[in-house]
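**Q** So that you have it, the file is work34.csv, and it contains CSV, C-alpha atoms and all ligand atoms:
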```
chain,number,residue,atom,x,y,z
Z,604,MET,CA,-48.7,27.6,44.8
Z,605,ARG,CA,-51.4,28.7,47.3
Z,606,SER,CA,-54.0,31.2,46.1
Z,607,LYS,CA,-55.1,34.2,48.0
Z,608,GLY,CA,-58.1,32.8,49.9
Z,609,GLN,CA,-56.6,29.6,51.1
Z,610,ILE,CA,-55.5,30.4,54.6
Z,611,GLU,CA,-57.7,27.9,56.4
Z,612,HIS,CA,-58.0,25.2,53.8
Z,613,ASP,CA,-55.4,22.6,53.2
Z,614,GLU,CA,-54.7,21.0,49.8
Z,615,THR,CA,-57.3,18.2,50.2
Z,616,ASP,CA,-60.1,20.8,50.5
Z,617,VAL,CA,-59.3,22.2,47.1
Z,618,ALA,CA,-60.5,19.0,45.4
Z,619,ASP,CA,-64.1,20.2,45.7
Z,620,PRO,CA,-64.9,21.8,42.3
Z,621,ARG,CA,-67.2,24.4,44.0
Z,622,GLU,CA,-64.4,25.5,46.1
Z,623,LEU,CA,-62.1,25.8,43.0
Z,624,GLU,CA,-64.8,28.0,41.4
Z,625,PHE,CA,-65.1,30.2,44.5
Z,626,GLN,CA,-61.3,30.5,44.7
Z,627,ALA,CA,-61.1,31.4,41.0
Z,628,LEU,CA,-63.6,34.2,41.6
Z,629,ILE,CA,-61.7,35.5,44.6
Z,630,ASP,CA,-58.3,35.2,42.8
Z,631,SER,CA,-59.6,37.2,39.7
Z,632,ASP,CA,-61.1,39.8,42.0
Z,633,GLN,CA,-64.6,39.2,41.0
Z,634,ARG,CA,-67.7,39.4,43.2
Z,635,ILE,CA,-69.2,36.5,45.1
Z,636,GLU,CA,-73.0,36.7,44.8
Z,637,PRO,CA,-75.6,35.1,47.2
Z,638,ARG,CA,-76.4,32.4,44.6
Z,639,ASP,CA,-72.8,31.3,44.5
Z,640,TRP,CA,-71.4,28.5,46.6
Z,641,MET,CA,-69.2,29.8,49.4
Z,642,PRO,CA,-67.2,28.2,52.2
Z,643,ASP,CA,-69.0,28.2,55.6
Z,644,GLY,CA,-66.3,30.2,57.1
Z,645,TYR,CA,-66.7,32.9,54.5
Z,646,ARG,CA,-70.4,33.1,55.0
Z,647,LYS,CA,-70.0,33.2,58.8
Z,648,SER,CA,-67.4,35.8,58.8
Z,649,LEU,CA,-69.5,38.1,56.5
Z,650,ILE,CA,-72.6,37.6,58.7
Z,651,ARG,CA,-70.5,38.5,61.7
Z,652,GLN,CA,-69.0,41.6,60.2
Z,653,ILE,CA,-72.1,42.9,58.3
Z,654,ALA,CA,-74.3,42.3,61.4
Z,655,GLN,CA,-71.8,44.2,63.6
Z,656,HIS,CA,-71.7,47.0,61.1
Z,657,ALA,CA,-75.5,47.2,60.9
Z,658,HIS,CA,-75.9,47.2,64.7
Z,659,SER,CA,-73.3,50.0,64.8
Z,660,GLU,CA,-75.4,52.1,62.5
Z,661,ILE,CA,-78.5,51.6,64.6
Z,662,VAL,CA,-77.0,51.9,68.0
Z,663,GLY,CA,-74.9,54.8,66.6
Z,664,MET,CA,-78.1,56.9,66.3
Z,665,GLN,CA,-78.3,57.1,70.0
Z,666,PRO,CA,-75.4,59.5,70.9
Z,667,GLU,CA,-76.3,62.1,68.3
Z,668,GLY,CA,-80.0,61.6,68.6
Z,669,ASN,CA,-79.5,62.8,72.1
Z,670,TRP,CA,-78.9,66.3,70.7
Z,671,ILE,CA,-81.7,66.6,68.1
Z,672,THR,CA,-84.0,68.4,70.6
Z,673,ARG,CA,-81.2,70.7,71.7
Z,674,ALA,CA,-79.5,71.7,68.5
Z,675,PRO,CA,-78.6,75.4,68.6
Z,676,SER,CA,-80.5,76.4,65.4
Z,677,LEU,CA,-83.2,75.2,63.1
Z,678,ARG,CA,-80.5,74.6,60.4
Z,679,ARG,CA,-78.3,72.5,62.7
Z,680,LYS,CA,-81.4,70.5,63.8
Z,681,ALA,CA,-82.5,69.8,60.2
Z,682,ILE,CA,-78.9,68.6,59.3
Z,683,LEU,CA,-78.7,66.4,62.4
Z,684,MET,CA,-82.1,64.9,61.8
Z,685,ALA,CA,-81.1,64.0,58.2
Z,686,LYS,CA,-77.8,62.5,59.4
Z,687,VAL,CA,-79.4,60.3,62.1
Z,688,GLN,CA,-82.0,59.2,59.6
Z,689,ASP,CA,-79.2,58.3,57.1
Z,690,GLU,CA,-77.7,56.1,59.8
Z,691,ALA,CA,-81.0,54.2,60.2
Z,692,GLY,CA,-81.0,53.8,56.4
Z,693,HIS,CA,-77.4,52.4,56.5
Z,694,GLY,CA,-78.5,49.9,59.1
Z,695,LEU,CA,-81.4,48.8,56.8
Z,696,TYR,CA,-79.2,48.3,53.7
Z,697,LEU,CA,-76.7,46.3,55.9
Z,698,TYR,CA,-79.4,44.1,57.4
Z,699,CYS,CA,-80.6,43.4,53.9
Z,700,ALA,CA,-77.1,42.5,52.7
Z,701,ALA,CA,-76.8,40.1,55.7
Z,702,GLU,CA,-80.1,38.6,54.8
Z,703,THR,CA,-78.8,37.5,51.4
Z,704,LEU,CA,-76.5,35.2,53.3
Z,705,GLY,CA,-79.5,33.3,54.7
Z,706,VAL,CA,-80.1,34.9,58.1
Z,707,ASP,CA,-83.1,36.8,59.2
Z,708,ARG,CA,-82.6,40.4,60.6
Z,709,SER,CA,-84.8,39.6,63.6
Z,710,GLU,CA,-82.4,36.8,64.5
Z,711,LEU,CA,-79.5,39.3,64.3
Z,712,ILE,CA,-81.3,41.9,66.4
Z,713,ASP,CA,-82.0,39.2,69.0
Z,714,LEU,CA,-78.3,38.3,69.1
Z,715,LEU,CA,-77.4,42.0,69.6
Z,716,ASP,CA,-80.0,42.3,72.4
Z,717,GLN,CA,-78.6,39.2,74.1
Z,718,GLY,CA,-75.1,40.7,73.9
Z,719,ARG,CA,-73.9,37.9,71.6
Z,720,GLN,CA,-73.1,40.2,68.7
Z,721,LYS,CA,-71.2,43.4,68.9
Z,722,TYR,CA,-71.5,47.0,67.7
Z,723,SER,CA,-68.7,49.5,67.4
Z,724,SER,CA,-66.9,50.5,70.6
Z,725,ILE,CA,-67.2,54.2,69.7
Z,726,PHE,CA,-70.9,54.4,70.5
Z,727,ASN,CA,-70.3,53.6,74.1
Z,728,TYR,CA,-69.0,57.1,74.8
Z,729,PRO,CA,-71.3,59.9,76.0
Z,730,THR,CA,-72.2,63.1,74.0
Z,731,LEU,CA,-71.7,65.7,76.7
Z,732,THR,CA,-71.9,69.0,74.7
Z,733,TRP,CA,-73.1,70.2,71.4
Z,734,ALA,CA,-69.5,70.2,70.1
Z,735,ASP,CA,-69.6,66.4,70.5
Z,736,VAL,CA,-71.9,66.2,67.5
Z,737,GLY,CA,-69.3,68.0,65.4
Z,738,ALA,CA,-66.5,65.8,66.7
Z,739,ILE,CA,-68.5,62.7,65.9
Z,740,GLY,CA,-69.0,63.9,62.3
Z,741,TRP,CA,-65.4,64.8,61.8
Z,742,LEU,CA,-63.7,62.0,63.6
Z,743,VAL,CA,-66.1,59.1,63.9
Z,744,ASP,CA,-67.5,59.4,60.4
Z,745,GLY,CA,-63.9,60.1,59.2
Z,746,ALA,CA,-62.7,56.8,60.7
Z,747,ALA,CA,-65.9,55.1,59.4
Z,748,ILE,CA,-65.2,56.4,55.8
Z,749,THR,CA,-61.5,55.4,56.0
Z,750,ASN,CA,-62.7,51.8,56.8
Z,751,GLN,CA,-65.6,51.7,54.4
Z,752,ILE,CA,-64.2,53.0,51.2
Z,753,PRO,CA,-62.1,49.9,50.8
Z,754,LEU,CA,-65.3,47.8,51.7
Z,755,CYS,CA,-66.8,49.1,48.4
Z,756,ARG,CA,-64.4,46.6,46.8
Z,757,CYS,CA,-65.3,43.8,49.2
Z,758,SER,CA,-65.5,40.4,47.5
Z,759,PHE,CA,-69.2,39.9,48.5
Z,760,GLY,CA,-71.4,41.8,46.0
Z,761,PRO,CA,-74.3,42.9,48.2
Z,762,TYR,CA,-72.0,44.3,51.0
Z,763,ALA,CA,-69.8,46.1,48.4
Z,764,ARG,CA,-72.8,47.7,46.7
Z,765,ALA,CA,-74.4,48.8,50.0
Z,766,MET,CA,-71.1,50.4,50.9
Z,767,VAL,CA,-71.0,52.6,47.7
Z,768,ARG,CA,-74.2,54.4,48.8
Z,769,VAL,CA,-73.2,54.4,52.5
Z,770,CYS,CA,-69.9,56.1,51.7
Z,771,LYS,CA,-71.5,58.9,49.7
Z,772,GLU,CA,-73.6,59.7,52.7
Z,773,GLU,CA,-70.8,59.3,55.2
Z,774,SER,CA,-68.7,61.8,53.3
Z,775,PHE,CA,-71.5,64.4,53.6
Z,776,HIS,CA,-71.6,63.5,57.3
Z,777,GLN,CA,-67.9,64.1,57.8
Z,778,ARG,CA,-68.1,67.4,56.1
Z,779,GLN,CA,-71.0,68.6,58.2
Z,780,GLY,CA,-69.1,67.6,61.3
Z,781,PHE,CA,-66.0,69.5,60.1
Z,782,GLU,CA,-68.1,72.6,59.3
Z,783,SER,CA,-69.9,72.5,62.6
Z,784,LEU,CA,-66.6,72.2,64.6
Z,785,TYR,CA,-65.0,74.9,62.4
Z,786,ALA,CA,-67.9,77.3,63.3
Z,787,LEU,CA,-67.4,76.6,67.1
Z,788,SER,CA,-63.6,76.7,66.9
Z,789,HIS,CA,-63.7,80.1,65.2
Z,790,GLY,CA,-66.5,81.4,67.5
Z,791,THR,CA,-66.2,82.8,71.0
Z,792,THR,CA,-63.5,81.7,73.5
Z,793,GLU,CA,-66.1,79.5,75.2
Z,794,GLN,CA,-67.1,77.9,71.9
Z,795,HIS,CA,-63.5,77.2,71.0
Z,796,ALA,CA,-62.9,75.6,74.4
Z,797,MET,CA,-66.0,73.4,73.9
Z,798,ALA,CA,-64.8,72.2,70.5
Z,799,GLN,CA,-61.3,71.5,71.9
Z,800,ASP,CA,-62.8,69.6,74.8
Z,801,ALA,CA,-64.9,67.4,72.4
Z,802,VAL,CA,-61.8,66.7,70.3
Z,803,ASN,CA,-59.8,65.8,73.4
Z,804,ARG,CA,-62.5,63.2,74.4
Z,805,TRP,CA,-63.3,61.7,70.9
Z,806,TRP,CA,-59.8,61.6,69.4
Z,807,TRP,CA,-58.4,58.4,70.9
Z,808,PRO,CA,-61.7,56.4,70.9
Z,809,SER,CA,-61.9,57.2,67.1
Z,810,VAL,CA,-58.3,56.1,66.5
Z,811,GLU,CA,-59.1,52.9,68.5
Z,812,MET,CA,-62.4,52.1,66.8
Z,813,LEU,CA,-60.5,50.9,63.7
Z,814,GLY,CA,-59.8,47.7,65.7
Z,815,PRO,CA,-57.1,46.0,67.7
Z,816,PRO,CA,-53.5,46.2,66.4
Z,817,ASP,CA,-52.7,43.8,63.6
Z,818,THR,CA,-50.7,41.6,65.9
Z,819,GLU,CA,-53.9,41.0,68.0
Z,820,SER,CA,-56.5,41.0,65.2
Z,821,THR,CA,-58.0,37.5,65.0
Z,822,HIS,CA,-59.9,37.9,61.7
Z,823,SER,CA,-57.7,40.2,59.5
Z,824,ALA,CA,-55.5,37.6,57.8
Z,825,GLN,CA,-58.4,35.4,56.7
Z,826,SER,CA,-60.7,38.3,55.9
Z,827,MET,CA,-57.9,39.9,53.7
Z,828,ALA,CA,-57.2,36.6,52.0
Z,829,TRP,CA,-60.9,36.4,51.1
Z,830,GLY,CA,-61.0,40.0,49.9
Z,831,ILE,CA,-63.5,41.0,52.6
Z,832,LYS,CA,-61.1,43.4,54.1
Z,833,ARG,CA,-58.6,45.1,51.8
Z,834,PHE,CA,-56.4,46.7,54.4
Z,835,SER,CA,-55.4,45.8,57.9
Z,836,ASN,CA,-56.6,47.7,61.0
Z,837,ASP,CA,-53.2,49.4,61.4
Z,838,GLU,CA,-53.0,50.4,57.8
Z,839,LEU,CA,-56.4,52.0,58.1
Z,840,ARG,CA,-55.4,53.7,61.3
Z,841,GLN,CA,-52.4,55.3,59.6
Z,842,ARG,CA,-54.6,56.4,56.7
Z,843,PHE,CA,-57.1,58.0,59.1
Z,844,ILE,CA,-54.4,59.9,61.0
Z,845,ASP,CA,-52.9,61.1,57.8
Z,846,MET,CA,-56.3,62.4,56.8
Z,847,VAL,CA,-57.3,64.1,60.0
Z,848,ALA,CA,-54.0,65.5,61.3
Z,849,PRO,CA,-53.8,68.3,58.6
Z,850,GLN,CA,-57.6,68.9,59.0
Z,851,ALA,CA,-57.0,69.6,62.7
Z,852,VAL,CA,-54.7,72.5,61.7
Z,853,VAL,CA,-57.4,74.0,59.5
Z,854,LEU,CA,-59.9,73.6,62.4
Z,855,GLY,CA,-57.4,75.4,64.8
Z,856,LEU,CA,-57.8,72.5,67.2
Z,857,THR,CA,-55.0,70.4,68.8
Z,858,PRO,CA,-55.3,66.6,68.9
Z,859,PRO,CA,-54.5,65.2,72.3
Z,860,ASP,CA,-51.4,63.4,71.1
Z,861,PRO,CA,-48.0,65.0,71.8
Z,862,GLU,CA,-46.3,62.5,69.5
Z,863,LEU,CA,-48.3,63.4,66.4
Z,864,ARG,CA,-46.0,64.8,63.8
Z,865,TRP,CA,-45.2,64.5,60.1
Z,866,ASN,CA,-42.4,62.1,59.3
Z,867,GLU,CA,-40.8,63.1,56.1
Z,868,GLU,CA,-38.9,59.9,55.7
Z,869,ARG,CA,-42.0,57.7,56.0
Z,870,GLY,CA,-44.3,60.1,54.2
Z,871,HIS,CA,-46.8,59.6,57.0
Z,872,TYR,CA,-47.7,61.1,60.4
Z,873,ASP,CA,-46.2,59.5,63.4
Z,874,PHE,CA,-48.6,59.1,66.3
Z,875,GLY,CA,-48.7,57.9,69.9
Z,876,LYS,CA,-49.8,54.4,71.0
Z,877,PRO,CA,-53.6,54.1,71.3
Z,878,ASP,CA,-54.9,52.6,74.6
Z,879,PHE,CA,-55.9,49.2,73.3
Z,880,GLU,CA,-56.6,48.0,76.8
Z,881,GLU,CA,-59.4,50.6,76.9
Z,882,LEU,CA,-60.7,49.3,73.5
Z,883,ARG,CA,-60.8,45.8,74.9
Z,884,ARG,CA,-62.7,46.9,78.0
Z,885,VAL,CA,-65.3,48.9,76.0
Z,886,VAL,CA,-65.7,46.0,73.5
Z,887,GLY,CA,-66.1,43.7,76.5
Z,888,GLY,CA,-69.1,45.7,77.8
Z,889,ASP,CA,-67.4,48.0,80.3
Z,890,GLY,CA,-67.4,51.4,78.5
Z,891,PRO,CA,-69.0,54.5,79.9
Z,892,CYS,CA,-72.4,53.9,78.2
Z,893,ASN,CA,-72.6,50.2,77.2
Z,894,ARG,CA,-75.5,49.4,79.6
Z,895,GLN,CA,-77.4,52.5,78.7
Z,896,ARG,CA,-77.1,51.9,74.9
Z,897,ALA,CA,-78.1,48.2,75.3
Z,898,ALA,CA,-81.1,49.0,77.5
Z,899,HIS,CA,-82.3,51.8,75.1
Z,900,HIS,CA,-82.1,49.5,72.1
Z,901,LEU,CA,-84.0,46.8,73.9
Z,902,LYS,CA,-86.7,49.2,75.0
Z,903,ALA,CA,-87.1,50.6,71.4
Z,904,GLN,CA,-87.4,47.0,70.1
Z,905,GLU,CA,-90.1,46.2,72.7
Z,906,ASP,CA,-91.9,49.5,72.2
Z,907,GLY,CA,-92.0,49.0,68.4
Z,908,ALA,CA,-93.2,45.4,68.5
Z,909,TRP,CA,-96.8,46.3,67.9
Z,910,VAL,CA,-95.8,48.3,64.8
Z,911,ARG,CA,-93.9,45.3,63.3
Z,912,ALA,CA,-96.8,43.0,64.2
Z,913,ALA,CA,-99.3,45.4,62.5
Z,914,ALA,CA,-97.1,45.8,59.4
Z,915,ALA,CA,-96.8,41.9,59.1
Z,916,ALA,CA,-100.6,41.5,59.6
Z,917,TYR,CA,-101.3,44.1,56.9
Z,918,ALA,CA,-98.8,42.4,54.5
Z,919,THR,CA,-100.6,39.1,55.0
Z,920,LYS,CA,-104.0,40.7,54.3
Z,921,HIS,CA,-102.8,42.8,51.3
Z,922,PRO,CA,-99.9,41.1,49.7
Z,923,ALA,CA,-100.1,43.1,46.5
Z,924,ALA,CA,-100.1,46.5,48.2
Z,925,SER,CA,-97.2,45.4,50.4
Z,926,ALA,CA,-95.1,44.2,47.5
Z,927,ALA,CA,-95.7,47.5,45.6
Z,928,ALA,CA,-94.6,49.5,48.7
Z,1001,LIG,N1,-65.8,47.8,68.3
Z,1001,LIG,O1,-60.0,40.5,64.3
Z,1001,LIG,P1,-60.6,41.9,64.4
Z,1001,LIG,C1,-70.0,54.0,61.8
Z,1001,LIG,C2,-64.0,43.1,67.5
Z,1001,LIG,S1,-70.0,52.4,61.5
Z,1001,LIG,C3,-66.3,46.6,68.7
Z,1001,LIG,O2,-59.6,43.0,64.0
Z,1001,LIG,P2,-62.3,42.4,62.2
Z,1001,LIG,C4,-71.0,54.9,61.0
Z,1001,LIG,C5,-64.2,42.3,66.2
Z,1001,LIG,O3,-65.5,42.3,65.8
Z,1001,LIG,C6,-68.8,51.7,62.6
Z,1001,LIG,N2,-65.7,45.4,68.4
Z,1001,LIG,O4,-62.0,42.0,63.7
Z,1001,LIG,C7,-71.6,55.9,62.0
Z,1001,LIG,C8,-63.7,40.9,66.7
Z,1001,LIG,O5,-64.7,40.4,67.5
Z,1001,LIG,P3,-65.5,39.0,67.3
Z,1001,LIG,C9,-68.7,50.3,62.5
Z,1001,LIG,C10,-64.6,45.5,67.7
Z,1001,LIG,O6,-63.7,42.1,61.9
Z,1001,LIG,C11,-70.9,57.0,62.3
Z,1001,LIG,C12,-62.6,41.3,67.6
Z,1001,LIG,O7,-62.8,42.6,68.0
Z,1001,LIG,N3,-68.0,50.0,61.3
Z,1001,LIG,O8,-69.2,54.4,62.6
Z,1001,LIG,C13,-64.0,46.7,67.3
Z,1001,LIG,O9,-61.3,41.8,61.2
Z,1001,LIG,C14,-71.5,58.0,63.1
Z,1001,LIG,C15,-61.2,41.1,66.9
Z,1001,LIG,O10,-61.0,42.2,65.9
Z,1001,LIG,C16,-67.9,48.7,60.9
Z,1001,LIG,O11,-68.4,47.8,61.6
Z,1001,LIG,C17,-64.6,47.9,67.6
Z,1001,LIG,N4,-64.1,49.1,67.3
Z,1001,LIG,O12,-62.0,44.0,62.1
Z,1001,LIG,C18,-72.8,55.6,62.5
Z,1001,LIG,C19,-67.2,48.4,59.6
Z,1001,LIG,N5,-62.9,46.4,66.6
Z,1001,LIG,O13,-66.4,39.2,66.2
Z,1001,LIG,C20,-73.3,56.5,63.4
Z,1001,LIG,C21,-67.2,47.0,59.3
Z,1001,LIG,C22,-62.7,45.1,66.6
Z,1001,LIG,O14,-64.4,38.0,66.9
Z,1001,LIG,C23,-72.7,57.7,63.7
Z,1001,LIG,N6,-66.3,46.2,60.2
Z,1001,LIG,N7,-63.8,44.5,67.2
Z,1001,LIG,O15,-66.2,38.6,68.6
Z,1001,LIG,C24,-65.0,46.1,60.0
Z,1001,LIG,O16,-64.4,46.7,59.1
Z,1001,LIG,C25,-64.2,45.2,60.9
Z,1001,LIG,O17,-65.2,44.3,61.5
Z,1001,LIG,C26,-63.4,45.9,62.0
Z,1001,LIG,C27,-62.8,44.9,62.9
Z,1001,LIG,C28,-62.3,46.8,61.4
Z,1001,LIG,C29,-64.3,46.8,62.9
```
How does the structure come out when it is put into structure tokens?
**A**
Amino acid sequence: MRSKGQIEHDETDVADPRELEFQALIDSDQRIEPRDWMPDGYRKSLIRQIAQHAHSEIVGMQPEGNWITRAPSLRRKAILMAKVQDEAGHGLYLYCAAETLGVDRSELIDLLDQGRQKYSSIFNYPTLTWADVGAIGWLVDGAAITNQIPLCRCSFGPYARAMVRVCKEESFHQRQGFESLYALSHGTTEQHAMAQDAVNRWWWPSVEMLGPPDTESTHSAQSMAWGIKRFSNDELRQRFIDMVAPQAVVLGLTPPDPELRWNEERGHYDFGKPDFEELRRVVGGDGPCNRQRAAHHLKAQEDGAWVRAAAAAYATKHPAASAAA
């Protein structure tokens, strides 16, 4: 009988004892650690996914960072600064997790800047009003948590452990987004309209960011067999809708989906068809802000080059002090 992780290996591959050992760890739901032997495909797939995830956290600072200087109160500014700083931290944990697989983070960042690695589609949409910051917290962080909680059980130890901490912070992010939108929705007529407009614009991109439909997902089957992903894109999309649909009622805001309704028989919400053509376009580089986000990241890299060079020179001169830091 075939075991869980064997989608791309035929029977002859299994003769390698290292592969049998890897397989036994996957089959018994234990963690693979960096010191363990692993198939090339497993390593490559993890590097691809973790790098994309890290890049998403870093590029994801841009849309909300745009509002730090214009937050409507000191309290909101402090919360937003803490959130954006958390995202930088998530990027760092994730680059560290990728480095345990034998790549260097500067290589990954170069690949991002050359457009050869991706980041999440969702960060290619503009933040037009203050309410967008609330909508991102509620919907984008909500979709991110739905995707990331199962990643705490990912078969690769360093990624799974990074996710535990990331998820704690993301759940704070989602609550602050909800609270901020709630305040707007229950404020003046203009504030309510601003909150509704933000939800109208962020709803579908958030539903789509969970990835292409299962029928078009190239990596899902193998990633699930290897225990990297625990649920398919469509399963996660359903979980996300089931979480946010009742929250929208509490917020007093209407999702822009006339087909959204509770289905008693299925025990889930039914919802309309996401525009996967738009997702393809945005992932392909043609979203509203792709060029702006890429140019901003590249400029930040170039502007910060002297800081990295200075830190490296200091570390060479004072190895003990750098190791203690
Ligand atoms: N955007 O075969 P699948 C956050 C690509 S973090 C861009 O289904 P897979 C926190 C996919 O890479 C958000 N590309 O792929 C935050 C593949 O391309 P490739 C990021 C996408 O890997 C909040 C191709 O399409 N989270 O938001 C997207 O099995 C607020 C085929 O797709 C993660 O990265 C997309 N939306 O499933 C930060 C979580 N969807 O590589 C700041 C980890 C698909 O063959 C502010 N990643 N693609 O060229 C994952 O769980 C998975 O990689 C999926 C995609 C679910 C994203």
**Q** Rank nothing, just name the residue among Z:Leu882, Z:Ala915, Z:Ile635, Z:Ala654 nearest to Arg764 of chain Z, using all atoms listed in the file.
**A**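 Smallest distance to Arg764 of chain Z is found for Z:Ile635.
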**Q** Within 7 Å of ligand LIG 1001 (chain Z), counting only C-alpha atoms and all ligand atoms, which protein or nucleic acid residues do you find, written as a PyMOL selection string?
**A** chain Z and resi 651-653+655-656+659-660+663-664+690+721-725+739-740+743-744+747+750-751+811-815+817+820-823+826+832+836+886
**Q** Nearest to Tyr645 of chain Z among Z:Ala734, Z:Leu695, Z:Met827, Z:Ile682, with distances taken over only C-alpha atoms: which residue is it?
**A** Z:Met827
**Q** Let me have the centre and edge lengths of the axis-aligned box enclosing all listed atoms of segment 833-841 of chain Z with 4 Å padding on every side, in Å to one decimal, as AutoDock Vina command-line options.
**A**
```
--center_x -55.5 --center_y 50.2 --center_z 56.6 --size_x 14.2 --size_y 18.2 --size_z 17.6
```
**Q** Find the residues near segment 897-902 of chain Z: any atom within 10 Å, counting all atoms listed in the file, skip ones fewer than 6 places away on the same chain, and give them as a PyMOL selection string.
**A** chain Z and resi 658+661-662+665+712-713+715-718+727+888+908
